[in-house]
$ cat start_30.cif   # mmCIF, C-alpha atoms
data_query
#
loop_
_atom_site.label_atom_id
_atom_site.label_comp_id
_atom_site.auth_asym_id
_atom_site.auth_seq_id
_atom_site.Cartn_x
_atom_site.Cartn_y
_atom_site.Cartn_z
CA MET G 1 122.03 143.91 33.07
CA PRO G 2 125.38 144.61 34.74
CA ASP G 3 126.31 142.70 37.86
CA GLN G 4 125.30 144.53 40.99
CA PRO G 5 127.95 144.99 43.70
CA ALA G 6 127.56 142.80 46.74
CA PRO G 7 126.15 144.49 49.87
CA GLU G 8 128.67 145.95 52.26
CA PRO G 9 129.46 143.76 55.29
CA VAL G 10 127.77 144.76 58.53
CA PRO G 11 130.41 146.08 60.96
CA VAL G 12 131.20 143.49 63.60
CA GLU G 13 130.46 145.95 66.41
CA ARG G 14 126.86 146.19 65.18
CA LEU G 15 126.24 142.43 65.28
CA GLY G 16 124.34 141.12 68.28
CA PHE G 17 125.94 138.49 70.50
CA ASP G 18 124.77 137.48 73.97
CA LEU G 19 127.33 137.34 76.76
CA PRO G 20 126.96 136.55 80.46
CA PRO G 21 125.52 139.59 82.26
CA GLU G 22 127.72 141.76 84.45
CA LEU G 23 125.90 142.40 87.72
CA GLY G 24 126.90 145.15 90.09
CA THR G 25 125.94 143.85 93.53
CA ALA G 26 125.87 140.59 95.45
CA GLU G 27 122.10 140.95 95.75
CA GLN G 28 121.71 141.15 91.98
CA GLU G 29 124.08 138.23 91.45
CA ARG G 30 122.21 136.16 94.03
CA ALA G 31 118.88 136.79 92.34
CA HIS G 32 120.38 135.94 88.97
CA ARG G 33 121.90 132.65 90.15
CA LYS G 34 118.69 131.59 91.86
CA GLU G 35 116.65 132.38 88.76
CA ARG G 36 119.01 130.42 86.52
CA LEU G 37 119.12 127.50 88.97
CA ALA G 38 115.32 127.18 89.17
CA GLU G 39 115.07 127.58 85.41
CA ALA G 40 117.67 124.83 84.88
CA LEU G 41 115.81 122.46 87.17
CA ARG G 42 112.63 122.96 85.14
CA LEU G 43 114.60 122.32 81.94
CA LEU G 44 116.02 119.07 83.30
CA ALA G 45 112.49 118.06 84.28
CA ARG G 46 111.41 118.51 80.66
CA LEU G 47 114.29 116.28 79.61
CA GLY G 48 113.12 113.63 82.09
CA TRP G 49 116.33 113.69 84.11
CA GLU G 50 114.95 113.25 87.59
CA ASP G 51 114.29 110.01 89.38
CA GLY G 52 112.44 110.15 92.68
CA VAL G 53 114.44 112.33 95.01
CA ALA G 54 117.67 111.95 93.00
CA GLY G 55 119.27 114.90 91.26
CA HIS G 56 120.57 118.25 92.46
CA ILE G 57 121.98 121.52 91.24
CA THR G 58 123.82 123.83 93.59
CA ALA G 59 124.89 127.44 93.10
CA ARG G 60 127.36 129.15 95.39
CA ASP G 61 126.04 132.26 97.10
CA PRO G 62 128.00 135.31 95.86
CA GLU G 63 128.25 136.87 99.33
CA PHE G 64 128.73 133.82 101.56
CA PRO G 65 131.20 131.52 99.74
CA ASP G 66 130.56 128.41 101.88
CA CYS G 67 126.78 128.65 101.45
CA TYR G 68 124.90 127.23 98.48
CA TRP G 69 121.45 127.45 96.92
CA VAL G 70 119.93 124.04 96.16
CA ASN G 71 116.62 122.43 95.27
CA PRO G 72 114.63 121.12 98.27
CA PHE G 73 114.36 117.44 99.13
CA GLY G 74 111.36 115.62 97.74
CA ARG G 75 110.14 118.34 95.35
CA ALA G 76 109.71 117.73 91.62
CA PHE G 77 112.00 119.83 89.44
CA GLY G 78 109.24 120.97 87.10
CA GLY G 79 107.41 123.27 89.50
CA LEU G 80 110.34 124.91 91.26
CA THR G 81 110.83 128.67 91.36
CA PRO G 82 113.60 130.78 92.92
CA ALA G 83 111.47 131.22 96.05
CA ASP G 84 111.50 127.43 96.59
CA LEU G 85 115.28 127.12 96.75
CA LEU G 86 117.14 126.53 100.00
CA LEU G 87 120.27 128.29 101.20
CA VAL G 88 122.41 125.66 102.93
CA ASP G 89 125.81 126.08 104.55
CA GLY G 90 128.75 123.77 103.93
CA ASP G 91 127.79 121.64 106.92
CA GLY G 92 124.34 120.95 105.51
CA ARG G 93 122.33 123.31 107.73
CA VAL G 94 119.41 125.11 106.10
CA LEU G 95 119.80 128.87 106.51
CA ARG G 96 116.88 130.04 104.35
CA GLY G 97 113.88 128.06 103.23
CA GLY G 98 111.20 125.91 104.76
CA ARG G 99 112.02 122.36 103.66
CA ARG G 100 114.65 119.74 104.28
CA VAL G 101 117.73 119.26 102.13
CA ASN G 102 118.96 115.85 100.96
CA GLU G 103 121.90 115.85 103.35
CA LEU G 104 123.84 112.95 101.83
CA ALA G 105 123.62 114.24 98.27
CA PHE G 106 124.29 117.82 99.34
CA ALA G 107 127.47 116.73 101.15
CA VAL G 108 128.93 115.68 97.80
CA HIS G 109 128.17 119.07 96.27
CA ALA G 110 129.58 120.92 99.28
CA ALA G 111 132.80 118.87 99.09
CA VAL G 112 133.21 119.71 95.41
CA HIS G 113 132.53 123.41 96.02
CA ARG G 114 135.07 123.47 98.83
CA ALA G 115 137.70 121.69 96.72
CA ARG G 116 137.10 124.11 93.82
CA PRO G 117 136.59 127.66 95.14
CA GLU G 118 136.22 129.06 91.60
CA VAL G 119 133.26 126.80 90.82
CA VAL G 120 129.85 128.48 91.01
CA SER G 121 127.62 125.51 90.20
CA VAL G 122 127.65 121.72 90.56
CA VAL G 123 125.18 119.46 88.75
CA ARG G 124 124.40 115.80 89.33
CA VAL G 125 121.27 114.29 87.78
CA PRO G 126 120.32 110.69 86.90
CA ALA G 127 120.49 110.99 83.11
CA PRO G 128 120.32 107.52 81.48
CA TYR G 129 123.27 107.43 79.07
CA GLY G 130 125.67 108.92 81.58
CA ARG G 131 124.65 106.22 84.02
CA ALA G 132 125.07 103.57 81.34
CA LEU G 133 128.60 104.79 80.55
CA ALA G 134 129.35 104.92 84.27
CA ALA G 135 128.21 101.30 84.58
CA LEU G 136 130.87 100.41 82.01
CA GLY G 137 133.47 102.41 83.94
CA GLU G 138 134.52 104.34 80.82
CA LEU G 139 135.56 107.87 80.01
CA LEU G 140 134.00 109.86 77.18
CA ALA G 141 135.88 108.99 74.01
CA PRO G 142 136.90 111.80 71.59
CA ILE G 143 134.81 110.44 68.73
CA THR G 144 132.79 113.59 67.96
CA GLN G 145 133.48 117.30 68.00
CA GLU G 146 131.16 117.67 70.98
CA ALA G 147 132.89 114.93 72.96
CA CYS G 148 136.25 116.60 72.35
CA ALA G 149 135.14 119.41 74.67
CA PHE G 150 135.80 116.90 77.47
CA TYR G 151 139.09 115.55 76.08
CA GLU G 152 141.60 115.33 78.93
CA ASP G 153 139.20 117.53 80.91
CA HIS G 154 137.18 114.94 82.80
CA ALA G 155 137.97 112.07 85.11
CA LEU G 156 136.69 108.66 86.14
CA LEU G 157 136.32 107.66 89.77
CA ASP G 158 136.86 103.98 89.08
CA GLU G 159 135.24 102.56 92.19
CA PHE G 160 131.73 102.55 93.51
CA THR G 161 131.45 105.24 96.15
CA ALA G 162 128.44 105.84 98.31
CA THR G 163 128.09 109.23 99.96
CA GLU G 164 129.97 108.37 103.12
CA ASP G 165 133.18 109.97 101.81
CA PRO G 166 132.17 112.98 99.74
CA ALA G 167 135.66 114.49 99.90
CA ARG G 168 136.91 111.59 97.79
CA ILE G 169 134.64 112.74 94.97
CA GLY G 170 136.00 116.28 95.23
CA ARG G 171 139.54 114.94 95.01
CA ALA G 172 138.69 112.70 92.06
CA LEU G 173 137.25 115.60 90.09
CA GLY G 174 140.54 117.46 90.42
CA PRO G 175 140.80 120.48 88.08
CA TYR G 176 138.36 119.10 85.51
CA LYS G 177 134.85 120.09 84.43
CA ALA G 178 133.28 116.63 84.69
CA LEU G 179 133.57 113.42 86.64
CA ILE G 180 132.18 110.00 85.83
CA LEU G 181 131.24 108.22 89.05
CA ARG G 182 131.46 104.53 88.29
CA ASN G 183 128.08 102.80 88.61
CA ARG G 184 126.45 106.12 89.47
CA GLY G 185 126.59 108.68 86.66
CA LEU G 186 127.86 112.14 85.76
CA LEU G 187 128.84 115.16 87.80
CA THR G 188 129.71 118.47 86.16
CA VAL G 189 130.86 121.88 87.38
CA GLY G 190 131.02 125.38 85.92
CA GLY G 191 131.70 129.01 86.59
CA SER G 192 127.99 129.68 86.12
CA VAL G 193 124.80 127.66 86.47
CA ASP G 194 124.33 127.81 82.71
CA ALA G 195 127.79 126.39 82.01
CA ALA G 196 127.53 123.58 84.57
CA VAL G 197 124.13 122.51 83.24
CA TRP G 198 125.34 122.63 79.65
CA TRP G 199 128.26 120.37 80.50
CA THR G 200 125.83 117.81 81.93
CA ILE G 201 123.69 118.01 78.78
CA ALA G 202 126.73 117.80 76.50
CA ALA G 203 128.26 114.90 78.42
CA GLU G 204 124.97 112.99 78.42
CA ARG G 205 124.62 113.45 74.66
CA ALA G 206 128.25 112.45 74.07
CA ALA G 207 127.69 109.31 76.15
CA GLN G 208 124.61 108.50 74.08
CA VAL G 209 126.51 108.82 70.79
CA GLN G 210 129.40 106.76 72.18
CA LEU G 211 127.14 103.90 73.19
CA ILE G 212 125.28 103.97 69.86
CA ALA G 213 128.54 104.03 67.89
CA ARG G 214 129.96 101.14 69.89
CA ALA G 215 126.82 99.10 69.31
CA ALA G 216 127.10 99.71 65.56
CA GLY G 217 130.82 99.09 65.14
CA LYS G 218 134.24 100.40 66.14
CA PRO G 219 134.27 104.19 66.61
CA VAL G 220 137.22 106.09 65.12
CA PRO G 221 138.68 108.57 67.63
CA VAL G 222 139.83 112.08 66.80
CA ASP G 223 143.63 112.29 66.98
CA HIS G 224 145.24 113.90 70.01
CA ARG G 225 146.27 117.16 68.38
CA ALA G 226 142.88 117.80 66.81
CA ALA G 227 141.06 116.80 70.00
CA VAL G 228 143.09 119.27 72.06
CA ALA G 229 142.48 122.05 69.52
CA THR G 230 138.76 121.32 69.53
CA ARG G 231 138.64 121.36 73.32
CA GLU G 232 140.42 124.70 73.40
CA ARG G 233 137.82 126.14 71.06
CA PHE G 234 134.64 124.60 72.45
CA GLY G 235 135.55 123.51 75.98
CA SER G 236 135.47 126.80 77.90
CA ASP G 237 132.74 127.85 80.30
CA LEU G 238 131.99 130.79 78.01
CA ALA G 239 131.39 128.39 75.11
CA ALA G 240 129.15 126.34 77.39
CA TRP G 241 127.19 129.42 78.47
CA VAL G 242 126.61 130.42 74.86
CA SER G 243 125.62 126.88 73.86
CA TYR G 244 123.05 126.73 76.66
CA GLN G 245 121.14 129.86 75.65
CA PRO G 246 119.08 128.30 72.81
CA LEU G 247 117.72 125.74 75.29
CA ARG G 248 116.64 128.58 77.57
CA GLU G 249 114.94 130.29 74.66
CA GLN G 250 113.08 127.10 73.78
CA GLY G 251 111.86 126.88 77.35
CA HIS G 252 110.56 130.43 77.24
CA GLU G 253 108.77 129.73 73.95
CA GLN G 254 107.09 126.76 75.63
CA GLY G 255 105.79 128.97 78.41
CA ASP G 256 108.58 128.40 80.98
CA THR G 257 109.27 132.06 81.59
CA PRO G 258 111.68 133.04 84.36
CA VAL G 259 110.11 133.89 87.69
CA ALA G 260 111.28 136.96 89.60
CA SER G 261 113.64 135.87 92.32
CA THR G 262 113.58 136.73 95.98
CA SER G 263 116.70 137.07 98.05
#
$ encode --input "start_30.cif" --output "structure tokens"
Amino acid sequence: MPDQPAPEPVPVERLGFDLPPELGTAEQERAHRKERLAEALRLLARLGWEDGVAGHITARDPEFPDCYWVNPFGRAFGGLTPADLLLVDGDGRVLRGGRRVNELAFAVHAAVHRARPEVVSVVRVPAPYGRALAALGELLAPITQEACAFYEDHALLDEFTATEDPARIGRALGPYKALILRNRGLLTVGGSVDAAVWWTIAAERAAQVQLIARAAGKPVPVDHRAAVATRERFGSDLAAWVSYQPLREQGHEQGDTPVASTS
């Protein structure tokens, strides 16, 4: 029987590929950010990354740039919906919502948002391996492809800082996507909630691999040129947004469907 010709390639323009949605109004963008923020909090709850009242995600309001949506003080992540979120101004005053905000923790987020006007979302949660790496006062080493996304794009604040000087944390972050707060843990930022949350997940996993590799032997780093090339390919907020979508899908399959947001 003669060899059959291979099927024709599917035209690229007919192949599906999810991209961040383009929303026409501030009201639509607000609803979208709140929905993604509440959804991310529930995801982090499933990962076990909350500890008492510790842990926050903020999302800048699209209409009022020095106002931010944030989870309320003293509420578990797992049950939060968009309607539970607080709108808080840069001075920590609640503008919408019926609960208190963690003022000290929120001040750090507000300082980072003010230092980085292009940042939409800031994430800080008590994930265990990030805290362990922070206790060592180390940066993420470029020892895996995933860790290279942070190569020369994160910083270490190499002193223990309480929340009395939040502006110092904003300065320490500089232009980067992540900051290791010595003895405290990880902080990440992004141009979307999805991207900022993915960077926290990716940094936590990279910290885990780094600690395991160090316990087993001497990790071999990726060379500078290859690490930079890898970061350029996988280190953008768009790459982070795309990487985050399978986790959202898993949540939906487990019954964590998005809840319609209110403004």
$ closest_residue --input "start_30.cif" --among "G:Ala40, G:Leu87, G:Leu23, G:Val10" --to "Cys67 in chain G" --atoms "all atoms listed in the file"
G:Leu87
$ residues_around --input "start_30.cif" --residues "range 134-147 of chain G" --least-positions-apart "4" --cutoff "7 Å" --atoms "all atoms listed in the file" --output "JSON, numbers by chain"
{"G": [130, 151, 156, 158, 180, 181, 182, 183, 184, 185, 206, 207, 219, 220, 221, 222, 227, 230]}
$ atom_distance --input "start_30.cif" --atom1 "CA of Trp49 in chain G" --atom2 "CA of Pro128 in chain G"
7.8 Å
$ atom_distance --input "start_30.cif" --atom1 "CA of Glu152 in chain G" --atom2 "CA of Asp165 in chain G"
25.0 Å
$ resolve_selection --input "start_30.cif" --expression "the PyMOL selection byres ((chain G and resi 104-108) around 9)" --output "ChimeraX atom specification"
/G:54-56,58,70,88,90-92,101-103,109-113,163-170
$ atom_distance --input "start_30.cif" --atom1 "CA of Glu63 in chain G" --atom2 "CA of Ala76 in chain G"
27.7 Å
$ closest_residue --input "start_30.cif" --among "G:Ala202, G:Ala45, G:Ala229, G:Leu173" --to "Arg114 in chain G" --atoms "only C-alpha atoms"
G:Leu173
$ axis_aligned_box --input "start_30.cif" --around "range 101-106 of chain G" --padding-each-side "8 Å" --output "lines of an AutoDock Vina configuration file"
center_x = 121.0
center_y = 116.1
center_z = 100.8
size_x = 22.6
size_y = 22.3
size_z = 21.1
$ residues_around --input "start_30.cif" --residues "Val228 in chain G" --least-positions-apart "4" --cutoff "8 Å" --atoms "only C-alpha atoms" --output "mmCIF file with C-alpha atoms, in the frame of the given file"
data_model
loop_
_atom_site.group_PDB
_atom_site.id
_atom_site.type_symbol
_atom_site.label_atom_id
_atom_site.label_comp_id
_atom_site.auth_asym_id
_atom_site.auth_seq_id
_atom_site.Cartn_x
_atom_site.Cartn_y
_atom_site.Cartn_z
ATOM 1 C CA CYS G 148 136.250 116.600 72.350
ATOM 2 C CA TYR G 151 139.090 115.550 76.080
ATOM 3 C CA HIS G 224 145.240 113.900 70.010
ATOM 4 C CA GLU G 232 140.420 124.700 73.400
#
$ resolve_selection --input "start_30.cif" --expression "the PyMOL selection byres ((chain G and resi 195) around 9)" --output "tab-separated table (two decimals) with C-alpha atoms, in the frame of the given file"
chain	number	residue	atom	x	y	z
G	121	SER	CA	127.62	125.51	90.20
G	189	VAL	CA	130.86	121.88	87.38
G	190	GLY	CA	131.02	125.38	85.92
G	191	GLY	CA	131.70	129.01	86.59
G	192	SER	CA	127.99	129.68	86.12
G	193	VAL	CA	124.80	127.66	86.47
G	194	ASP	CA	124.33	127.81	82.71
G	196	ALA	CA	127.53	123.58	84.57
G	197	VAL	CA	124.13	122.51	83.24
G	198	TRP	CA	125.34	122.63	79.65
G	199	TRP	CA	128.26	120.37	80.50
G	200	THR	CA	125.83	117.81	81.93
G	236	SER	CA	135.47	126.80	77.90
G	237	ASP	CA	132.74	127.85	80.30
G	238	LEU	CA	131.99	130.79	78.01
G	239	ALA	CA	131.39	128.39	75.11
G	240	ALA	CA	129.15	126.34	77.39
G	241	TRP	CA	127.19	129.42	78.47
G	242	VAL	CA	126.61	130.42	74.86
G	243	SER	CA	125.62	126.88	73.86
G	244	TYR	CA	123.05	126.73	76.66
$ residues_near_point --input "start_30.cif" --point "(122.8, 136.8, 89.2)" --cutoff "12 Å" --atoms "only C-alpha atoms" --output "ChimeraX atom specification"
/G:20-37,59-63,82,120,192-194,260-263
$ residues_around --input "start_30.cif" --residues "His154 in chain G" --least-positions-apart "5" --cutoff "7 Å" --atoms "all atoms listed in the file" --output "number ranges by chain"
G: 176-179
$ residues_around --input "start_30.cif" --residues "Arg100 in chain G" --least-positions-apart "2" --cutoff "9 Å" --atoms "all atoms listed in the file" --output "list of chain:residue names"
G:Pro72, G:Phe73, G:Gly74, G:Leu86, G:Val94, G:Gly97, G:Gly98, G:Asn102, G:Glu103
$ resolve_selection --input "start_30.cif" --expression "the PyMOL selection byres ((chain G and resi 127) around 9)" --output "PyMOL selection string"
chain G and resi 47-51+124-126+128-132+185-186+200-201+204
$ decode --input "start_30.cif" --residues "range 3-17 of chain G" --atoms "all heavy atoms" --output "short mmCIF file (atom, residue, chain, number, x, y, z; two decimals), in the first residue's frame"
data_model
loop_
_atom_site.label_atom_id
_atom_site.label_comp_id
_atom_site.auth_asym_id
_atom_site.auth_seq_id
_atom_site.Cartn_x
_atom_site.Cartn_y
_atom_site.Cartn_z
N ASP G 3 2.50 4.89 0.55
CA ASP G 3 2.48 5.82 1.69
C ASP G 3 1.45 6.92 1.44
O ASP G 3 1.35 7.47 0.33
CB ASP G 3 3.85 6.45 1.89
CG ASP G 3 4.87 5.42 2.35
OD1 ASP G 3 4.45 4.37 2.86
OD2 ASP G 3 6.07 5.67 2.16
N GLN G 4 0.68 7.19 2.46
CA GLN G 4 -0.30 8.26 2.38
C GLN G 4 0.37 9.60 2.72
O GLN G 4 1.23 9.66 3.59
CB GLN G 4 -1.46 8.01 3.35
CG GLN G 4 -2.26 6.76 3.04
CD GLN G 4 -2.97 6.87 1.71
OE1 GLN G 4 -3.57 7.90 1.40
NE2 GLN G 4 -2.87 5.82 0.90
N PRO G 5 -0.01 10.66 2.04
CA PRO G 5 0.57 11.97 2.38
C PRO G 5 0.14 12.40 3.78
O PRO G 5 -0.95 12.08 4.25
CB PRO G 5 0.00 12.90 1.32
CG PRO G 5 -1.26 12.24 0.86
CD PRO G 5 -1.00 10.75 0.95
N ALA G 6 1.03 13.09 4.44
CA ALA G 6 0.72 13.60 5.78
C ALA G 6 -0.40 14.64 5.70
O ALA G 6 -0.56 15.31 4.67
CB ALA G 6 1.97 14.24 6.40
N PRO G 7 -1.22 14.75 6.74
CA PRO G 7 -2.27 15.78 6.74
C PRO G 7 -1.67 17.17 6.58
O PRO G 7 -0.53 17.45 6.99
CB PRO G 7 -2.93 15.61 8.12
CG PRO G 7 -2.56 14.23 8.56
CD PRO G 7 -1.22 13.95 7.98
N GLU G 8 -2.44 18.06 6.01
CA GLU G 8 -2.01 19.44 5.87
C GLU G 8 -1.99 20.13 7.24
O GLU G 8 -2.88 19.88 8.08
CB GLU G 8 -2.95 20.21 4.93
CG GLU G 8 -2.85 19.79 3.48
CD GLU G 8 -1.52 20.17 2.87
OE1 GLU G 8 -0.99 21.25 3.22
OE2 GLU G 8 -0.98 19.37 2.08
N PRO G 9 -1.01 20.98 7.50
CA PRO G 9 -0.99 21.71 8.79
C PRO G 9 -2.22 22.60 8.94
O PRO G 9 -2.71 23.18 7.97
CB PRO G 9 0.29 22.55 8.70
CG PRO G 9 1.12 21.90 7.64
CD PRO G 9 0.16 21.30 6.66
N VAL G 10 -2.70 22.72 10.15
CA VAL G 10 -3.80 23.64 10.44
C VAL G 10 -3.24 25.06 10.39
O VAL G 10 -2.22 25.35 11.01
CB VAL G 10 -4.40 23.36 11.83
CG1 VAL G 10 -5.52 24.35 12.14
CG2 VAL G 10 -4.92 21.92 11.91
N PRO G 11 -3.86 25.97 9.68
CA PRO G 11 -3.38 27.35 9.65
C PRO G 11 -3.29 27.94 11.06
O PRO G 11 -4.18 27.72 11.89
CB PRO G 11 -4.43 28.09 8.80
CG PRO G 11 -5.03 27.02 7.96
CD PRO G 11 -5.04 25.78 8.79
N VAL G 12 -2.23 28.66 11.31
CA VAL G 12 -2.00 29.20 12.65
C VAL G 12 -3.17 30.04 13.12
O VAL G 12 -3.56 30.01 14.29
CB VAL G 12 -0.69 30.02 12.66
CG1 VAL G 12 -0.53 30.74 14.00
CG2 VAL G 12 0.51 29.13 12.39
N GLU G 13 -3.77 30.81 12.20
CA GLU G 13 -4.87 31.70 12.60
C GLU G 13 -6.11 30.93 13.05
O GLU G 13 -7.01 31.50 13.65
CB GLU G 13 -5.23 32.66 11.47
CG GLU G 13 -5.70 31.99 10.19
CD GLU G 13 -4.56 31.65 9.24
OE1 GLU G 13 -3.38 31.66 9.69
OE2 GLU G 13 -4.85 31.39 8.05
N ARG G 14 -6.15 29.64 12.80
CA ARG G 14 -7.30 28.83 13.23
C ARG G 14 -7.03 28.10 14.54
O ARG G 14 -7.90 27.39 15.04
CB ARG G 14 -7.67 27.83 12.14
CG ARG G 14 -8.35 28.46 10.93
CD ARG G 14 -8.48 27.48 9.77
NE ARG G 14 -9.05 26.20 10.20
CZ ARG G 14 -9.05 25.11 9.44
NH1 ARG G 14 -8.49 25.14 8.23
NH2 ARG G 14 -9.59 23.98 9.88
N LEU G 15 -5.85 28.24 15.10
CA LEU G 15 -5.50 27.57 16.34
C LEU G 15 -5.88 28.44 17.53
O LEU G 15 -5.57 29.64 17.57
CB LEU G 15 -3.99 27.27 16.38
CG LEU G 15 -3.49 26.31 15.28
CD1 LEU G 15 -1.97 26.20 15.34
CD2 LEU G 15 -4.14 24.94 15.41
N GLY G 16 -6.55 27.84 18.51
CA GLY G 16 -6.98 28.59 19.68
C GLY G 16 -5.82 28.92 20.60
O GLY G 16 -4.86 28.14 20.74
N PHE G 17 -5.89 30.09 21.22
CA PHE G 17 -4.85 30.52 22.16
C PHE G 17 -5.44 31.63 23.02
O PHE G 17 -5.85 32.67 22.50
CB PHE G 17 -3.61 31.02 21.42
CG PHE G 17 -2.46 31.38 22.34
CD1 PHE G 17 -1.72 30.38 22.95
CD2 PHE G 17 -2.15 32.70 22.59
CE1 PHE G 17 -0.65 30.69 23.78
CE2 PHE G 17 -1.09 33.02 23.42
CZ PHE G 17 -0.34 32.02 24.01
#
